[in-house]
Structure formats: C-alpha cells, structure tokens
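Here is the file upload.txt (compact mmCIF, C-alpha atoms).
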```
# COMPACT_ATOMS: atom_id res chain seq x y z
CA MET A 1 -4.59 -33.80 -34.46
CA SER A 2 -4.66 -36.64 -37.02
CA THR A 3 -1.51 -38.69 -37.72
CA GLU A 4 -1.23 -37.02 -41.11
CA THR A 5 -1.36 -33.55 -39.52
CA ALA A 6 1.12 -34.56 -36.82
CA ILE A 7 3.58 -35.68 -39.47
CA LYS A 8 3.15 -32.48 -41.46
CA HIS A 9 3.51 -30.24 -38.39
CA ARG A 10 6.89 -29.98 -36.69
CA ILE A 11 6.32 -29.36 -32.96
CA VAL A 12 9.19 -28.04 -30.80
CA ASN A 13 8.73 -26.96 -27.16
CA GLY A 14 4.98 -27.48 -27.66
CA VAL A 15 5.00 -24.83 -30.42
CA ASP A 16 3.82 -25.67 -33.94
CA VAL A 17 6.90 -24.48 -35.83
CA SER A 18 5.34 -25.28 -39.21
CA ALA A 19 2.42 -22.97 -38.42
CA LEU A 20 4.89 -20.32 -37.19
CA MET A 21 6.80 -20.49 -40.48
CA ASP A 22 3.49 -20.31 -42.42
CA THR A 23 2.62 -17.17 -40.41
CA ILE A 24 5.96 -15.56 -41.29
CA VAL A 25 5.47 -16.31 -44.99
CA ALA A 26 1.92 -14.89 -44.87
CA ILE A 27 3.08 -11.69 -43.11
CA LYS A 28 5.90 -11.19 -45.61
CA SER A 29 3.37 -11.24 -48.44
CA ASN A 30 0.87 -9.00 -46.56
CA PRO A 31 2.22 -6.99 -43.57
CA GLU A 32 -1.37 -6.02 -42.59
CA ILE A 33 -1.72 -9.55 -41.15
CA ALA A 34 0.84 -8.59 -38.48
CA LYS A 35 -1.24 -5.72 -37.06
CA PHE A 36 -2.85 -6.52 -33.70
CA ASP A 37 -5.09 -4.41 -31.48
CA PHE A 38 -5.36 -5.88 -27.96
CA ARG A 39 -8.04 -4.60 -25.56
CA ALA A 40 -9.36 -4.72 -22.01
CA THR A 41 -12.19 -3.08 -20.10
CA ASN A 42 -11.99 -2.28 -16.40
CA THR A 43 -14.49 -1.42 -13.66
CA TRP A 44 -13.70 0.07 -10.26
CA MET A 45 -15.21 -2.00 -7.45
CA GLY A 46 -14.53 0.36 -4.52
CA GLY A 47 -11.37 1.22 -2.60
CA ASP A 48 -8.33 -0.71 -3.80
CA LYS A 49 -10.23 -3.13 -6.02
CA ASN A 50 -10.95 -3.10 -9.74
CA ARG A 51 -11.68 -5.78 -12.32
CA SER A 52 -10.61 -6.18 -15.95
CA ILE A 53 -12.37 -8.18 -18.61
CA ILE A 54 -10.05 -9.40 -21.37
CA LYS A 55 -11.70 -10.93 -24.39
CA ASP A 56 -11.83 -9.90 -28.02
CA PHE A 57 -8.98 -8.40 -30.01
CA THR A 58 -8.22 -7.66 -33.64
CA GLY A 59 -5.39 -9.53 -35.37
CA ALA A 60 -4.57 -11.32 -38.61
CA LEU A 61 -7.24 -9.17 -40.34
CA GLU A 62 -10.03 -10.59 -38.15
CA GLU A 63 -11.90 -10.12 -34.89
CA GLN A 64 -10.55 -12.81 -32.58
CA ARG A 65 -12.09 -14.66 -29.59
CA ASP A 66 -15.55 -13.77 -30.91
CA GLY A 67 -18.21 -15.72 -28.99
CA MET A 68 -15.63 -17.15 -26.59
CA GLN A 69 -15.43 -16.91 -22.81
CA SER A 70 -13.93 -13.77 -21.26
CA PHE A 71 -10.93 -13.74 -18.96
CA ILE A 72 -11.54 -11.90 -15.67
CA ALA A 73 -8.66 -10.41 -13.67
CA ASP A 74 -8.69 -8.34 -10.49
CA ASN A 75 -6.37 -5.71 -9.07
CA GLY A 76 -6.07 -5.16 -5.32
CA GLU A 77 -3.61 -3.67 -2.87
CA PRO A 78 -1.97 -5.25 0.18
CA GLN A 79 -2.86 -4.02 3.66
CA VAL A 80 0.33 -1.99 4.01
CA LEU A 81 -0.90 -0.05 0.93
CA LEU A 82 -4.34 0.40 2.52
CA GLY A 83 -6.10 -2.37 0.63
CA ASN A 84 -7.85 -5.63 1.44
CA ASP A 85 -5.24 -7.78 -0.37
CA GLU A 86 -7.79 -9.71 -2.43
CA ALA A 87 -5.67 -9.69 -5.60
CA PRO A 88 -2.14 -8.80 -6.76
CA ASN A 89 -1.59 -5.08 -7.18
CA PRO A 90 -0.94 -3.48 -10.59
CA VAL A 91 2.86 -3.29 -10.22
CA GLU A 92 2.90 -7.00 -9.35
CA TRP A 93 0.79 -7.70 -12.47
CA LEU A 94 3.42 -5.82 -14.47
CA LEU A 95 6.08 -8.29 -13.21
CA HIS A 96 3.78 -11.20 -14.18
CA ALA A 97 3.34 -9.76 -17.69
CA LEU A 98 7.09 -9.18 -18.09
CA ILE A 99 8.41 -12.55 -16.90
CA GLY A 100 5.60 -14.38 -18.73
CA CYS A 101 6.39 -12.59 -21.97
CA MET A 102 10.11 -13.30 -21.66
CA THR A 103 9.30 -17.00 -21.07
CA THR A 104 6.87 -17.37 -23.98
CA THR A 105 9.21 -15.44 -26.27
CA THR A 106 12.15 -17.66 -25.34
CA VAL A 107 10.11 -20.82 -25.95
CA TYR A 108 8.76 -19.65 -29.33
CA HIS A 109 12.04 -18.30 -30.69
CA ALA A 110 13.95 -21.34 -29.44
CA ALA A 111 11.39 -23.54 -31.25
CA SER A 112 11.88 -21.61 -34.50
CA ARG A 113 15.64 -22.28 -34.28
CA GLY A 114 15.21 -25.93 -33.29
CA ILE A 115 16.51 -25.32 -29.76
CA GLU A 116 14.79 -27.66 -27.31
CA ILE A 117 13.78 -26.28 -23.92
CA GLY A 118 13.13 -28.73 -21.08
CA ALA A 119 12.13 -26.28 -18.34
CA ILE A 120 12.14 -22.61 -17.41
CA ASP A 121 11.87 -21.41 -13.81
CA SER A 122 12.21 -17.71 -13.12
CA MET A 123 12.30 -15.10 -10.40
CA ILE A 124 11.64 -11.41 -10.97
CA GLU A 125 11.72 -8.44 -8.63
CA GLY A 126 11.35 -4.69 -8.96
CA ASP A 127 12.36 -1.71 -6.82
CA LEU A 128 9.71 0.91 -6.21
CA ASP A 129 10.03 3.96 -3.96
CA LEU A 130 6.59 5.07 -2.75
CA ARG A 131 7.74 8.70 -2.52
CA GLY A 132 7.24 8.94 -6.29
CA PHE A 133 3.61 7.79 -6.19
CA LEU A 134 2.89 10.02 -3.19
CA GLY A 135 4.42 13.08 -4.87
CA LEU A 136 6.88 13.56 -1.98
CA SER A 137 9.97 13.90 -4.18
CA ALA A 138 10.34 15.11 -7.77
CA GLU A 139 13.60 13.15 -8.06
CA VAL A 140 11.97 9.78 -7.32
CA ARG A 141 10.11 8.23 -10.22
CA LYS A 142 6.60 6.91 -9.68
CA GLY A 143 7.19 3.51 -11.28
CA TYR A 144 9.91 0.92 -10.83
CA SER A 145 13.48 2.28 -10.83
CA ALA A 146 14.99 -1.14 -11.63
CA ILE A 147 13.85 -4.70 -12.34
CA ARG A 148 15.95 -7.87 -12.08
CA ALA A 149 15.02 -11.24 -13.60
CA THR A 150 16.76 -14.59 -13.20
CA MET A 151 15.72 -17.44 -15.51
CA ARG A 152 16.91 -21.00 -14.96
CA VAL A 153 16.60 -22.82 -18.29
CA LYS A 154 17.03 -26.54 -19.02
CA THR A 155 18.56 -26.59 -22.52
CA LYS A 156 21.72 -27.47 -24.44
CA ALA A 157 21.94 -23.91 -25.79
CA ASP A 158 24.27 -21.50 -24.00
CA ALA A 159 23.10 -18.75 -21.68
CA GLU A 160 24.01 -15.90 -24.08
CA THR A 161 21.85 -17.42 -26.83
CA ILE A 162 18.89 -17.76 -24.45
CA LYS A 163 19.39 -14.19 -23.23
CA SER A 164 19.25 -12.91 -26.82
CA LEU A 165 15.89 -14.69 -27.24
CA THR A 166 14.39 -13.06 -24.11
CA ALA A 167 15.19 -9.65 -25.61
CA MET A 168 12.70 -10.33 -28.45
CA SER A 169 9.85 -10.10 -25.91
CA PRO A 170 7.24 -7.35 -26.51
CA VAL A 171 6.73 -6.60 -22.80
CA TYR A 172 10.51 -6.58 -22.27
CA ASP A 173 10.71 -4.05 -25.11
CA VAL A 174 8.14 -1.80 -23.39
CA VAL A 175 9.68 -2.00 -19.91
CA SER A 176 13.40 -2.05 -20.79
CA ARG A 177 13.07 1.17 -22.78
CA SER A 178 11.69 2.84 -19.66
CA LEU A 179 13.99 1.56 -16.92
CA PRO A 180 16.97 -0.82 -16.43
CA VAL A 181 15.90 -4.49 -16.62
CA SER A 182 18.78 -6.83 -15.82
CA VAL A 183 18.41 -10.41 -17.03
CA HIS A 184 20.49 -13.27 -15.68
CA ILE A 185 20.25 -16.66 -17.42
CA GLU A 186 21.40 -19.93 -15.91
CA THR A 187 21.36 -23.04 -18.11
CA TYR A 188 21.64 -26.65 -16.98
CA MET B 1 -13.56 -1.53 12.91
CA SER B 2 -14.90 -0.26 16.25
CA THR B 3 -17.10 2.86 16.36
CA GLU B 4 -14.25 4.77 17.97
CA THR B 5 -11.86 3.78 15.15
CA ALA B 6 -14.49 4.58 12.50
CA ILE B 7 -14.87 8.08 13.92
CA LYS B 8 -11.10 8.56 13.99
CA HIS B 9 -10.59 7.30 10.42
CA ARG B 10 -11.80 9.41 7.51
CA ILE B 11 -12.80 7.11 4.64
CA VAL B 12 -13.17 8.54 1.10
CA ASN B 13 -13.75 6.32 -1.97
CA GLY B 14 -13.24 3.31 0.30
CA VAL B 15 -9.70 4.54 1.09
CA ASP B 16 -8.64 5.23 4.69
CA VAL B 17 -7.38 8.79 4.20
CA SER B 18 -6.29 9.09 7.84
CA ALA B 19 -4.02 6.06 7.41
CA LEU B 20 -2.75 7.50 4.12
CA MET B 21 -1.84 10.77 5.84
CA ASP B 22 -0.15 8.82 8.67
CA THR B 23 1.89 6.95 6.04
CA ILE B 24 3.03 10.22 4.45
CA VAL B 25 4.10 11.61 7.84
CA ALA B 26 6.00 8.40 8.62
CA ILE B 27 7.79 8.41 5.23
CA LYS B 28 8.76 12.06 5.63
CA SER B 29 10.47 11.21 8.92
CA ASN B 30 12.11 8.03 7.51
CA PRO B 31 12.27 7.65 3.68
CA GLU B 32 13.40 4.00 4.07
CA ILE B 33 9.75 3.16 4.83
CA ALA B 34 8.91 4.07 1.20
CA LYS B 35 11.19 1.43 -0.33
CA PHE B 36 9.33 -1.56 -1.78
CA ASP B 37 10.64 -4.68 -3.49
CA PHE B 38 7.86 -6.56 -5.31
CA ARG B 39 8.46 -10.10 -6.56
CA ALA B 40 7.04 -12.97 -8.61
CA THR B 41 8.19 -16.44 -9.60
CA ASN B 42 7.20 -18.09 -12.87
CA THR B 43 7.26 -21.63 -14.26
CA TRP B 44 6.92 -22.65 -17.90
CA MET B 45 4.15 -25.23 -18.36
CA GLY B 46 4.79 -26.15 -22.02
CA GLY B 47 4.07 -24.34 -25.29
CA ASP B 48 2.29 -21.02 -24.78
CA LYS B 49 1.56 -21.51 -21.08
CA ASN B 50 3.36 -20.35 -17.96
CA ARG B 51 2.30 -19.63 -14.40
CA SER B 52 3.33 -16.93 -11.93
CA ILE B 53 3.12 -17.09 -8.18
CA ILE B 54 2.80 -13.69 -6.54
CA LYS B 55 3.14 -13.59 -2.79
CA ASP B 56 5.65 -12.01 -0.46
CA PHE B 57 7.27 -8.62 -0.95
CA THR B 58 9.37 -6.24 1.11
CA GLY B 59 7.94 -2.84 2.06
CA ALA B 60 7.65 -0.47 5.01
CA LEU B 61 10.81 -2.08 6.46
CA GLU B 62 9.15 -5.50 6.72
CA GLU B 63 8.52 -8.73 4.87
CA GLN B 64 4.86 -8.55 3.81
CA ARG B 65 2.25 -11.28 3.13
CA ASP B 66 4.29 -13.70 5.22
CA GLY B 67 2.29 -16.86 5.87
CA MET B 68 -0.56 -15.71 3.63
CA GLN B 69 -2.05 -17.37 0.57
CA SER B 70 -0.29 -16.93 -2.79
CA PHE B 71 -1.89 -15.44 -5.88
CA ILE B 72 -1.60 -17.64 -8.97
CA ALA B 73 -1.76 -16.15 -12.48
CA ASP B 74 -1.35 -17.80 -15.88
CA ASN B 75 -0.12 -16.56 -19.24
CA GLY B 76 -1.38 -18.12 -22.48
CA GLU B 77 -1.64 -17.22 -26.13
CA PRO B 78 -4.70 -17.19 -28.40
CA GLN B 79 -4.98 -19.70 -31.23
CA VAL B 80 -4.00 -17.16 -33.88
CA LEU B 81 -0.71 -16.84 -31.95
CA LEU B 82 -0.33 -20.64 -31.87
CA GLY B 83 -1.57 -21.14 -28.31
CA ASN B 84 -4.42 -22.93 -26.56
CA ASP B 85 -6.01 -19.68 -25.32
CA GLU B 86 -6.30 -20.82 -21.71
CA ALA B 87 -5.28 -17.43 -20.26
CA PRO B 88 -4.69 -13.84 -21.38
CA ASN B 89 -1.36 -13.32 -23.10
CA PRO B 90 1.41 -11.16 -21.57
CA VAL B 91 0.66 -8.03 -23.61
CA GLU B 92 -2.99 -8.25 -22.49
CA TRP B 93 -1.80 -8.56 -18.87
CA LEU B 94 0.20 -5.37 -19.43
CA LEU B 95 -3.03 -3.55 -20.36
CA HIS B 96 -4.69 -4.96 -17.22
CA ALA B 97 -1.81 -3.71 -15.06
CA LEU B 98 -1.87 -0.27 -16.68
CA ILE B 99 -5.60 0.46 -16.55
CA GLY B 100 -5.84 -1.03 -13.04
CA CYS B 101 -2.99 1.14 -11.80
CA MET B 102 -4.51 4.28 -13.34
CA THR B 103 -7.83 3.45 -11.65
CA THR B 104 -6.39 2.74 -8.19
CA THR B 105 -4.15 5.81 -8.42
CA THR B 106 -7.09 8.03 -9.35
CA VAL B 107 -9.18 6.67 -6.47
CA TYR B 108 -6.40 7.06 -3.87
CA HIS B 109 -5.27 10.53 -4.96
CA ALA B 110 -8.86 11.76 -5.27
CA ALA B 111 -9.47 10.49 -1.72
CA SER B 112 -6.45 12.39 -0.41
CA ARG B 113 -7.89 15.60 -1.91
CA GLY B 114 -11.42 14.92 -0.69
CA ILE B 115 -12.72 14.32 -4.26
CA GLU B 116 -15.50 11.74 -4.21
CA ILE B 117 -15.57 9.15 -6.99
CA GLY B 118 -18.86 7.33 -7.67
CA ALA B 119 -17.74 5.02 -10.48
CA ILE B 120 -14.92 4.42 -12.97
CA ASP B 121 -15.42 2.39 -16.14
CA SER B 122 -12.56 2.20 -18.59
CA MET B 123 -11.50 0.84 -21.95
CA ILE B 124 -7.88 0.38 -22.99
CA GLU B 125 -6.33 -0.81 -26.25
CA GLY B 126 -2.83 -1.15 -27.65
CA ASP B 127 -1.35 -1.43 -31.15
CA LEU B 128 1.20 -4.17 -31.69
CA ASP B 129 2.80 -5.11 -35.01
CA LEU B 130 3.92 -8.75 -34.93
CA ARG B 131 6.77 -8.02 -37.38
CA GLY B 132 8.75 -6.65 -34.42
CA PHE B 133 8.43 -9.83 -32.34
CA LEU B 134 9.19 -11.99 -35.37
CA GLY B 135 12.29 -9.98 -36.23
CA LEU B 136 10.95 -9.24 -39.74
CA SER B 137 11.61 -5.49 -39.60
CA ALA B 138 14.18 -3.50 -37.64
CA GLU B 139 11.94 -0.42 -37.91
CA VAL B 140 8.99 -2.05 -36.15
CA ARG B 141 9.29 -2.22 -32.39
CA LYS B 142 8.59 -5.49 -30.59
CA GLY B 143 6.21 -4.04 -28.02
CA TYR B 144 3.19 -1.75 -28.31
CA SER B 145 3.68 1.30 -30.52
CA ALA B 146 0.73 3.17 -28.94
CA ILE B 147 -1.83 2.67 -26.17
CA ARG B 148 -5.15 4.52 -25.77
CA ALA B 149 -7.24 4.60 -22.59
CA THR B 150 -10.70 6.06 -22.06
CA MET B 151 -11.95 6.41 -18.48
CA ARG B 152 -15.55 7.34 -17.69
CA VAL B 153 -15.61 8.77 -14.15
CA LYS B 154 -18.62 9.64 -11.99
CA THR B 155 -17.42 12.68 -10.01
CA LYS B 156 -17.98 16.40 -9.52
CA ALA B 157 -14.31 17.07 -10.32
CA ASP B 158 -13.45 18.16 -13.87
CA ALA B 159 -11.84 15.88 -16.43
CA GLU B 160 -8.48 17.71 -16.38
CA THR B 161 -8.15 17.21 -12.61
CA ILE B 162 -8.91 13.49 -12.95
CA LYS B 163 -6.44 13.19 -15.82
CA SER B 164 -3.71 14.73 -13.65
CA LEU B 165 -4.40 12.07 -11.00
CA THR B 166 -4.06 9.18 -13.48
CA ALA B 167 -0.57 10.46 -14.35
CA MET B 168 0.59 9.69 -10.77
CA SER B 169 0.23 5.96 -11.56
CA PRO B 170 3.43 3.84 -11.26
CA VAL B 171 2.55 1.57 -14.21
CA TYR B 172 1.57 4.63 -16.29
CA ASP B 173 5.01 6.05 -15.45
CA VAL B 174 6.72 2.87 -16.69
CA VAL B 175 4.70 2.55 -19.91
CA SER B 176 4.31 6.22 -20.87
CA ARG B 177 8.08 6.76 -20.78
CA SER B 178 8.44 3.97 -23.33
CA LEU B 179 5.63 4.73 -25.82
CA PRO B 180 2.74 7.20 -26.33
CA VAL B 181 -0.17 6.53 -23.95
CA SER B 182 -3.14 8.76 -24.70
CA VAL B 183 -5.67 9.19 -21.89
CA HIS B 184 -9.18 10.47 -22.46
CA ILE B 185 -11.33 11.25 -19.39
CA GLU B 186 -15.10 11.68 -19.48
CA THR B 187 -16.82 12.84 -16.30
CA TYR B 188 -20.54 12.71 -15.52
```

Can you dump the structure from the file as structure tokens?
Amino acid sequence: MSTETAIKHRIVNGVDVSALMDTIVAIKSNPEIAKFDFRATNTWMGGDKNRSIIKDFTGALEEQRDGMQSFIADNGEPQVLLGNDEAPNPVEWLLHALIGCMTTTTVYHAASRGIEIGAIDSMIEGDLDLRGFLGLSAEVRKGYSAIRATMRVKTKADAETIKSLTAMSPVYDVVSRSLPVSVHIETY
Amino acid sequence: MSTETAIKHRIVNGVDVSALMDTIVAIKSNPEIAKFDFRATNTWMGGDKNRSIIKDFTGALEEQRDGMQSFIADNGEPQVLLGNDEAPNPVEWLLHALIGCMTTTTVYHAASRGIEIGAIDSMIEGDLDLRGFLGLSAEVRKGYSAIRATMRVKTKADAETIKSLTAMSPVYDVVSRSLPVSVHIETY
C-alpha cells in the first residue's frame, strides 16, 4: 500500500474500514452486489474420510477466486467413532466455522464502530448424543443439542457490546436458530 | 489386523460394521456411552484471520485424543470481503462440515444395512445476502437463506434410500432445522 493509499484508508483491527464503508454505499445503491453464492465440492475417500475443495464463488456481481489456488479440507472420524482420526470430524468442523465466524464478525463490526480489539481467545464446545445419529431414540436429536462459547476479548468496550457484535455472525445465525448457543464474553 | 480379527470383523465401505453393532449394543445397555462433548479453541490472528485448534473431546465415558497431535484449521476472508484470502471463510467451512457429514453418514448407515457404496462425489452451494451481516435490512437473514447439495453415488441402492441416509447426518440436522437444505441424489 502506498503512503497516499494508507492515509486515505482507515484501518482498524486490521480491517480496511474505508473499503467497508464503500461496500455499504455500493450495496445501498445496488442490492444485487450483496448476493453471494458460496460453493464446495467433496469426494469420498473410503471409510470415514472425505475431502472438500473450496475455491470459486459468486459475489459482488462477479466470479471470485478465478484462476487462484484451491483450499483443500478433509473430514475424518476419531477411532472411537470407527475412523482413522486423520482429520477433524464434521461436527468439529461446525464448531470451527461457528467460533471463527463469531470472531471475524466481532472484529469487522468493532472496526466499523471504531472499537479497537487487541486479542480474542475463545473456547467452544457442543453436546451431541450419539443415539440420535444411530436412530436409537426418536426423542434425541441427531445434531448438537447445545453449544457453549466463551470469548476472552482484549478491548475497552464492555462485554454486552461485544456480545451484540457476535450475534451479527452468519454462522451464528444458522446454528442459533436451530439449537441453543450460549455465548459468554469476558473483556480485559 | 490379524487374520483372526479380519474374519471376525465385517467391513463394508471401509467401516467396521461388527464394531458399529457392538457400539449399538453397548449404548443400549448404558446410554451414557452415547454422550459426546466436542471442543475447539480459537485465536484471532489479526484482520480476517483466526485459527482453531481441534483436539481432545469427551465421548464413550472417556477423554479422547489424549496425548495425540492437534488439528489446526484457519479461517480467512476473500479479498472482496476485505481479507487476504489465506483460508476458506467460516460460511465456506460450514458447507464443508455439512457435505462431509452427509457423506460420512451415508457411508456408515449404508454399511450397517449392507449397502455397498463405490463412490460419492458431491457439490454444495449456499445463498448468502451480505445485507444481513451488514445490518442493512431487517428482512434479510445474516446466514444462508438456502443451501443445495447434489450427491452422485455409485451404488445399487436407489436414490430415495440414499437420500434417507443423508438425513441421519448430525450437521444436516443442525442446518436443515434452520434453513431449507435441498438434497438431490443421483445414483449410477
């Protein structure tokens, strides 16, 4: 970034807030810019293992990541779930997606409000009763029954403000409409 | 695996069906065995980037993966979403978790019914309107509004049977109770 660009662009929490504001203005004038279509392909590799390729998507009226390198991600299962434990299992990936989304969302929305974040360290856990997956009880759901997240955030903002930012997260929206997700914020 | 063990264990689709049946018998006698608590920690690394560590969990009345290597997974954002595009973003990870879970679930449940699977190749995509995340419209949800999956499965079983197996997936349970997930199965 040139000095001129650096002066023009206000960066908070590593997020280019000027570009974020430009995006909001652009979307207000043409809501089609806001429409995204994310994609993945997946191939079974035998037993507990399968592999996703994450690459191109549509967004901001264009094909994105065209000609760029793909991301490769594997699913496995631990030995107690009859796998070879070569990769996290899908319900663990769901926790990764959820806590990651809550973190990025907090950082971006804090930046847009001028709230500086110094650090975020989180823990997330989910309760899953295998009787649902195995079809042993109609009363037990197949997925998580509850998820709990604790985020420790270095900031001058109060915990309630930070908590309201986490609730803007797209993955939080998906999961919290399906099951109880409790979020505990500690600031320091 | 010794020859004796190999004879004792019936393997279908790379899944040890004998061990699966033993697990079901054990859970029926003590449902506490079925209770799992999966976990992840996450650290913000600046801007769009954060990193999860996925390791130990509780399940089958024990601490699992104790003393084993951790899995490390990063979240990023593409440039159009003001990131450095060094890793998939959280909503892409959600697609990975979902299609991976549907694949593993299909393979395991097919195995338990003696249905042989030769291959599974899938495509998944989700619609997301950024106006929700940005708080520009109360009518637009923050997460995906719809997800579509197509799975191409090499098997003698019919498509409807395979589709019923995908619906046993824990991540499918979480996501499909929150938004419409359409699943199209092609067999060959």

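The protein and nucleic acid residues lying at most 8 Å from region 157-169 of chain A are Cys101, Met102, Thr103, Thr105, Thr106, His109, Ala110, Ile115, Val183, His184, Ile185, Glu186 and Thr187 of chain A; Phe133, Leu134, Gly135, Lys142 and Gly143 of chain B, with all atoms listed in the file considered and sequence neighbours fewer than 6 positions away removed.
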
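Across the model, the gap from CA of Asp129 (chain B) to CA of Arg141 (chain B) is 7.6 Å.
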
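Here the question is which of B:Glu77, B:Asp121, B:Glu116, B:Glu32 gets nearest to chain A using only C-alpha atoms, and that residue is B:Asp121.
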
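Coordinates place CA of Ile11 (chain B) at a distance of 11.7 Å from CA of Val107 (chain B).
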
If you measure from CA of Glu125 (chain A) to CA of Leu128 (chain B), what distance in Å do you get, rounded to one decimal?
-> 25.7 Å
